[in-house]
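Written out below as structure tokens is the structure these notes cover.
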Amino acid sequence: MAEPASAAVGLGRAESGGGSDGGDAAPVLPQGENGVDGRAIRVDGRAIRVGTRRSQLARIQTDSVVTMLRELYPDLCFEIAVAMSTTGDKILDTALSKIGEKSLFTKELENALERNEVDLVVHSLKDLPTCLPPGFTIGAVCKRENPLDAVVFHPKNCGKTLSLLPEKSVIGTSSLRRAAQLKKKFPHLEFKDIRGNLNTRLKKLDEKEDFSAIILAAAGLKRMGWENRIGQLLGPEDCLYAVGQGALAVEVRAKDQEILNMVSALHDADTVLCCIAERAFMKRLEGGCSVPVAVNTLLKDGQLYLTGAVYSLDGSDSLKETMQTGVNYPCLNEDGPNDDVQHVGITAKNVPGQAQEAAENLGVELAGLLLSKGAKHILSVARQLSDAR
């Protein structure tokens, strides 16, 4: 079976008003003790409060989602509440794989959601664990931006590619997944952890001589307006991407039907199906940021193709397979006891349930295939070595 050659880009409903520069930024509310000012949400006249992390990229992503919601619901009022920094934002001197917290960039926002201080929160989908805390669901998965990884080079290396960098050049990445794949592909290079938000990492690259290049998600660079810094895009032949990379997720309270129905209009059906398959694959493998697990999905002509792989930390040992399934099902009226069923944390009533089931089964079956070939041992050793670093 041929492996999908390109990343999936949603083929369904076009995103309205999306993008990092769409519309005026929503007003920032005063911060209180818990990261928001704590005022009660108005049910009638509806001021809908949206939670976000402090970083510039998080604000841009949240603004783009709010812009879409305002265009869909012009009579509603949306207010962005600046949330507290998350665990992942605060601990910057330790590799993500060693912090040992599953919800590094989401827990504080979920706390605000649980306390009814916000109605919905916007995340990068790749930051959300495959098992959400009870009472929460992903109510929308927006149309995916380019999910590939990108290389940003030090100014002195402009015009080069990774293969053309000198021996022992140091590449910065906080991702075990990226490092494992690229170590095998480019054995002449060395890889070193680099932490911080996009602004911080680019500053470390440009103002010091520690790194010849750094690896970042292309989607984040585009949303920040920094596409011109991309020196090389890493296709599937070089580096499979992270589960959910490039997609934005809107998390809500699972029982809040009014908000859940409202945000469901943001679902991009193709992105939903790709990400359900990816998340099911990750969940079955019990993966996370502490082990190198990677994917590539393609939805074409009603067929969903999923490539999944696991790697040892140095990339010397790996397993990679591709499977496919049909997802071309009609959207039936599925109201009833199962109308809010979740698939790996995602509630998508406006996406055919049979298609979601097929996508989830695809991820589970592909993971099962890799496990039957020894993936559990590879990941177990990788996790032990990661913990010992």
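Here's how to read the names in the structure tokens: chain A, B, ... by the order shown, residue numbers from 1 in each chain, ligand numbers from 1 in the order shown.
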* To do: With a distance cut-off of 7 Å and only C-alpha atoms, select the neighbouring residues of Asn146 of chain A, excluding the residue or stretch itself and same-chain residues fewer than 4 positions from it, and output the selection as JSON, numbers by chain.
  => {"A": [218, 219, 246]}
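Proximity to Met68 of chain A was assessed for A:Leu298, A:Ala213, A:Ala112, A:Val263 counting only C-alpha atoms; the smallest distance is recorded for A:Val263.
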* Which residues, written as a PyMOL selection string, have at least one atom at most 12 Å from Lys376 of chain A, with only C-alpha atoms counted and residues fewer than 3 positions away on the same chain left out? -> chain A and resi 284-287+291-293+309-312+318-319+367-373+379-383
* To do: Return as a VMD selection string the full set of residues in segment 145-289 of chain A whose backbone-based DSSP assignment is alpha helix (DSSP H).
  => chain A and resid 176 to 185 198 to 207 218 to 223 257 to 263 269 to 285
Could those selected residues go to a file with C-alpha atoms, as a PDB file, in the first residue's frame?
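New file result.pdb:
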```
ATOM      1  CA  LEU A 176      11.799  13.671  21.232  1.00  0.00           C
ATOM      2  CA  ARG A 177       9.745  12.819  18.142  1.00  0.00           C
ATOM      3  CA  ARG A 178      11.581  15.312  15.942  1.00  0.00           C
ATOM      4  CA  ALA A 179      14.994  14.474  17.351  1.00  0.00           C
ATOM      5  CA  ALA A 180      14.553  10.714  16.949  1.00  0.00           C
ATOM      6  CA  GLN A 181      13.578  10.960  13.286  1.00  0.00           C
ATOM      7  CA  LEU A 182      16.122  13.584  12.328  1.00  0.00           C
ATOM      8  CA  LYS A 183      19.013  11.862  14.094  1.00  0.00           C
ATOM      9  CA  LYS A 184      18.494   8.904  11.809  1.00  0.00           C
ATOM     10  CA  LYS A 185      17.962  11.011   8.695  1.00  0.00           C
ATOM     11  CA  LEU A 198       8.265  30.930  19.760  1.00  0.00           C
ATOM     12  CA  ASN A 199       9.565  34.434  20.431  1.00  0.00           C
ATOM     13  CA  THR A 200      12.044  33.165  23.020  1.00  0.00           C
ATOM     14  CA  ARG A 201      13.314  30.307  20.877  1.00  0.00           C
ATOM     15  CA  LEU A 202      13.850  32.528  17.844  1.00  0.00           C
ATOM     16  CA  LYS A 203      15.711  35.026  20.008  1.00  0.00           C
ATOM     17  CA  LYS A 204      17.966  32.250  21.345  1.00  0.00           C
ATOM     18  CA  LEU A 205      18.657  31.183  17.761  1.00  0.00           C
ATOM     19  CA  ASP A 206      19.361  34.632  16.325  1.00  0.00           C
ATOM     20  CA  GLU A 207      21.273  36.292  19.161  1.00  0.00           C
ATOM     21  CA  ALA A 218       5.067  25.423  10.503  1.00  0.00           C
ATOM     22  CA  ALA A 219       1.529  26.235  11.670  1.00  0.00           C
ATOM     23  CA  GLY A 220       2.728  28.330  14.615  1.00  0.00           C
ATOM     24  CA  LEU A 221       5.169  30.264  12.456  1.00  0.00           C
ATOM     25  CA  LYS A 222       2.450  31.033   9.922  1.00  0.00           C
ATOM     26  CA  ARG A 223      -0.021  32.165  12.572  1.00  0.00           C
ATOM     27  CA  GLN A 257     -25.318  22.003  25.574  1.00  0.00           C
ATOM     28  CA  GLU A 258     -25.759  25.657  24.619  1.00  0.00           C
ATOM     29  CA  ILE A 259     -22.021  26.271  24.267  1.00  0.00           C
ATOM     30  CA  LEU A 260     -21.371  22.832  22.769  1.00  0.00           C
ATOM     31  CA  ASN A 261     -23.975  23.409  20.061  1.00  0.00           C
ATOM     32  CA  MET A 262     -22.608  26.863  19.366  1.00  0.00           C
ATOM     33  CA  VAL A 263     -18.946  25.895  18.907  1.00  0.00           C
ATOM     34  CA  ALA A 269     -15.130  17.429   9.085  1.00  0.00           C
ATOM     35  CA  ASP A 270     -11.929  16.306   7.359  1.00  0.00           C
ATOM     36  CA  THR A 271      -9.733  17.629  10.152  1.00  0.00           C
ATOM     37  CA  VAL A 272     -11.980  15.958  12.743  1.00  0.00           C
ATOM     38  CA  LEU A 273     -11.638  12.556  11.087  1.00  0.00           C
ATOM     39  CA  CYS A 274      -7.865  12.833  10.623  1.00  0.00           C
ATOM     40  CA  CYS A 275      -7.341  13.906  14.226  1.00  0.00           C
ATOM     41  CA  ILE A 276      -9.666  11.227  15.656  1.00  0.00           C
ATOM     42  CA  ALA A 277      -7.565   8.590  13.864  1.00  0.00           C
ATOM     43  CA  GLU A 278      -4.328  10.133  15.095  1.00  0.00           C
ATOM     44  CA  ARG A 279      -5.523  10.481  18.690  1.00  0.00           C
ATOM     45  CA  ALA A 280      -6.868   6.910  18.734  1.00  0.00           C
ATOM     46  CA  PHE A 281      -3.484   5.706  17.490  1.00  0.00           C
ATOM     47  CA  MET A 282      -1.698   7.630  20.248  1.00  0.00           C
ATOM     48  CA  LYS A 283      -4.131   6.492  22.932  1.00  0.00           C
ATOM     49  CA  ARG A 284      -3.797   2.814  22.037  1.00  0.00           C
ATOM     50  CA  LEU A 285      -0.011   3.108  22.193  1.00  0.00           C
TER      51      LEU A 285
END
```
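Checking A:Gln61, A:Ser55, A:Gln324, A:Ser212 one by one against Gly196 of chain A, counting only C-alpha atoms, you find the shortest gap at A:Ser55.
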* Asked: Contacts of Ser124 of chain A at 10 Å or less, counting only C-alpha atoms, minus same-chain residues fewer than 3 places along, as a VMD selection string?
  -> chain A and resid 57 to 58 61 to 62 105 to 106 127 to 128 141 220 244 to 250
Filtering to all heavy atoms, could you give me those residues as a compact mmCIF listing (two decimals), in the first residue's frame?
```
# COMPACT_ATOMS: atom_id res chain seq x y z
N LEU A 57 1.28 33.66 20.70
CA LEU A 57 0.69 32.69 19.77
C LEU A 57 -0.68 32.23 20.26
O LEU A 57 -1.62 32.11 19.48
CB LEU A 57 1.62 31.49 19.58
CG LEU A 57 1.08 30.37 18.68
CD1 LEU A 57 0.77 30.90 17.28
CD2 LEU A 57 2.07 29.21 18.61
N ALA A 58 -0.79 31.97 21.57
CA ALA A 58 -2.08 31.54 22.13
C ALA A 58 -3.15 32.61 21.90
O ALA A 58 -4.30 32.30 21.56
CB ALA A 58 -1.95 31.24 23.61
N GLN A 61 -4.17 32.62 18.20
CA GLN A 61 -5.03 31.48 17.90
C GLN A 61 -6.43 31.69 18.46
O GLN A 61 -7.43 31.39 17.79
CB GLN A 61 -4.39 30.20 18.46
CG GLN A 61 -3.09 29.84 17.74
CD GLN A 61 -2.42 28.59 18.26
OE1 GLN A 61 -1.59 28.00 17.58
NE2 GLN A 61 -2.72 28.20 19.48
N THR A 62 -6.50 32.20 19.67
CA THR A 62 -7.80 32.45 20.29
C THR A 62 -8.56 33.53 19.54
O THR A 62 -9.76 33.42 19.30
CB THR A 62 -7.62 32.83 21.77
OG1 THR A 62 -6.95 31.76 22.45
CG2 THR A 62 -8.96 33.08 22.44
N PHE A 105 0.02 22.21 29.20
CA PHE A 105 -0.41 23.50 28.70
C PHE A 105 -1.92 23.70 28.79
O PHE A 105 -2.45 24.64 28.19
CB PHE A 105 0.04 23.67 27.24
CG PHE A 105 1.54 23.68 27.08
CD1 PHE A 105 2.20 22.56 26.60
CD2 PHE A 105 2.29 24.79 27.42
CE1 PHE A 105 3.57 22.56 26.44
CE2 PHE A 105 3.66 24.80 27.28
CZ PHE A 105 4.32 23.68 26.78
N THR A 106 -2.61 22.83 29.52
CA THR A 106 -4.08 22.91 29.52
C THR A 106 -4.71 22.90 30.91
O THR A 106 -5.85 23.34 31.06
CB THR A 106 -4.66 21.72 28.72
OG1 THR A 106 -4.28 20.48 29.35
CG2 THR A 106 -4.16 21.73 27.28
N ASP A 127 -1.64 19.74 22.23
CA ASP A 127 -1.38 19.89 23.66
C ASP A 127 -2.39 19.15 24.52
O ASP A 127 -2.18 18.97 25.72
CB ASP A 127 -1.40 21.37 24.06
CG ASP A 127 -0.21 22.15 23.51
OD1 ASP A 127 0.81 21.51 23.20
OD2 ASP A 127 -0.32 23.39 23.40
N LEU A 128 -3.51 18.72 23.93
CA LEU A 128 -4.56 18.07 24.71
C LEU A 128 -4.33 16.57 24.77
O LEU A 128 -4.19 15.92 23.73
CB LEU A 128 -5.93 18.35 24.08
CG LEU A 128 -6.54 19.71 24.39
CD1 LEU A 128 -7.74 19.97 23.48
CD2 LEU A 128 -6.94 19.82 25.85
N VAL A 141 -13.06 21.17 16.41
CA VAL A 141 -11.71 21.07 15.86
C VAL A 141 -11.73 21.87 14.56
O VAL A 141 -12.40 21.50 13.60
CB VAL A 141 -11.31 19.60 15.58
CG1 VAL A 141 -9.91 19.55 14.98
CG2 VAL A 141 -11.37 18.78 16.87
N GLY A 220 2.50 27.24 13.67
CA GLY A 220 2.73 28.33 14.62
C GLY A 220 3.45 29.50 13.97
O GLY A 220 3.12 30.67 14.21
N GLY A 244 -2.29 15.61 16.03
CA GLY A 244 -3.07 16.84 16.17
C GLY A 244 -2.35 18.10 15.77
O GLY A 244 -2.94 19.20 15.84
N GLN A 245 -1.11 18.02 15.34
CA GLN A 245 -0.33 19.22 15.04
C GLN A 245 -1.00 20.04 13.93
O GLN A 245 -1.45 19.51 12.93
CB GLN A 245 1.09 18.84 14.62
CG GLN A 245 2.01 20.04 14.39
CD GLN A 245 3.48 19.67 14.47
OE1 GLN A 245 3.94 19.15 15.50
NE2 GLN A 245 4.24 19.92 13.42
N GLY A 246 -1.05 21.36 14.13
CA GLY A 246 -1.62 22.27 13.15
C GLY A 246 -3.10 22.55 13.33
O GLY A 246 -3.64 23.44 12.67
N ALA A 247 -3.77 21.81 14.21
CA ALA A 247 -5.21 22.00 14.41
C ALA A 247 -5.47 22.71 15.73
O ALA A 247 -4.77 22.50 16.72
CB ALA A 247 -5.94 20.65 14.40
N LEU A 248 -6.49 23.56 15.75
CA LEU A 248 -6.94 24.23 16.97
C LEU A 248 -8.16 23.51 17.51
O LEU A 248 -9.04 23.09 16.74
CB LEU A 248 -7.27 25.69 16.69
CG LEU A 248 -6.13 26.58 16.21
CD1 LEU A 248 -6.63 28.02 16.03
CD2 LEU A 248 -4.95 26.53 17.18
N ALA A 249 -8.23 23.39 18.82
CA ALA A 249 -9.34 22.72 19.48
C ALA A 249 -10.03 23.68 20.44
O ALA A 249 -9.37 24.49 21.10
CB ALA A 249 -8.85 21.49 20.24
N VAL A 250 -11.34 23.57 20.52
CA VAL A 250 -12.13 24.36 21.47
C VAL A 250 -12.68 23.40 22.52
O VAL A 250 -13.49 22.51 22.21
CB VAL A 250 -13.28 25.10 20.77
CG1 VAL A 250 -14.06 25.94 21.78
CG2 VAL A 250 -12.74 25.98 19.65
```
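If only C-alpha atoms are the atoms counted, then among A:Gly363, A:Gly374, A:Val344, A:Asp301 the closest residue to Thr322 of chain A is A:Gly363.
Atom CA of Cys131 of chain A to atom CA of Leu304 of chain A spans 22.8 Å [interatomic distance, one decimal].
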* Go through A:Cys142, A:Val252, A:Leu148, A:Leu313 and flag the residue nearest Ala388 of chain A, using only C-alpha atoms for the distances. => A:Leu313
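Taking only C-alpha atoms into account, Ser386 of chain A lies nearest to A:Asp314 out of the set A:Asp210, A:Asp149, A:Asp314, A:Glu117.
Coordinates place atom CA of Phe211 of chain A at a distance of 23.0 Å from atom CA of Ser290 of chain A.
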* Structure fact -> The distance between atom CA of Tyr329 of chain A and atom CA of Pro134 of chain A is 29.5 Å
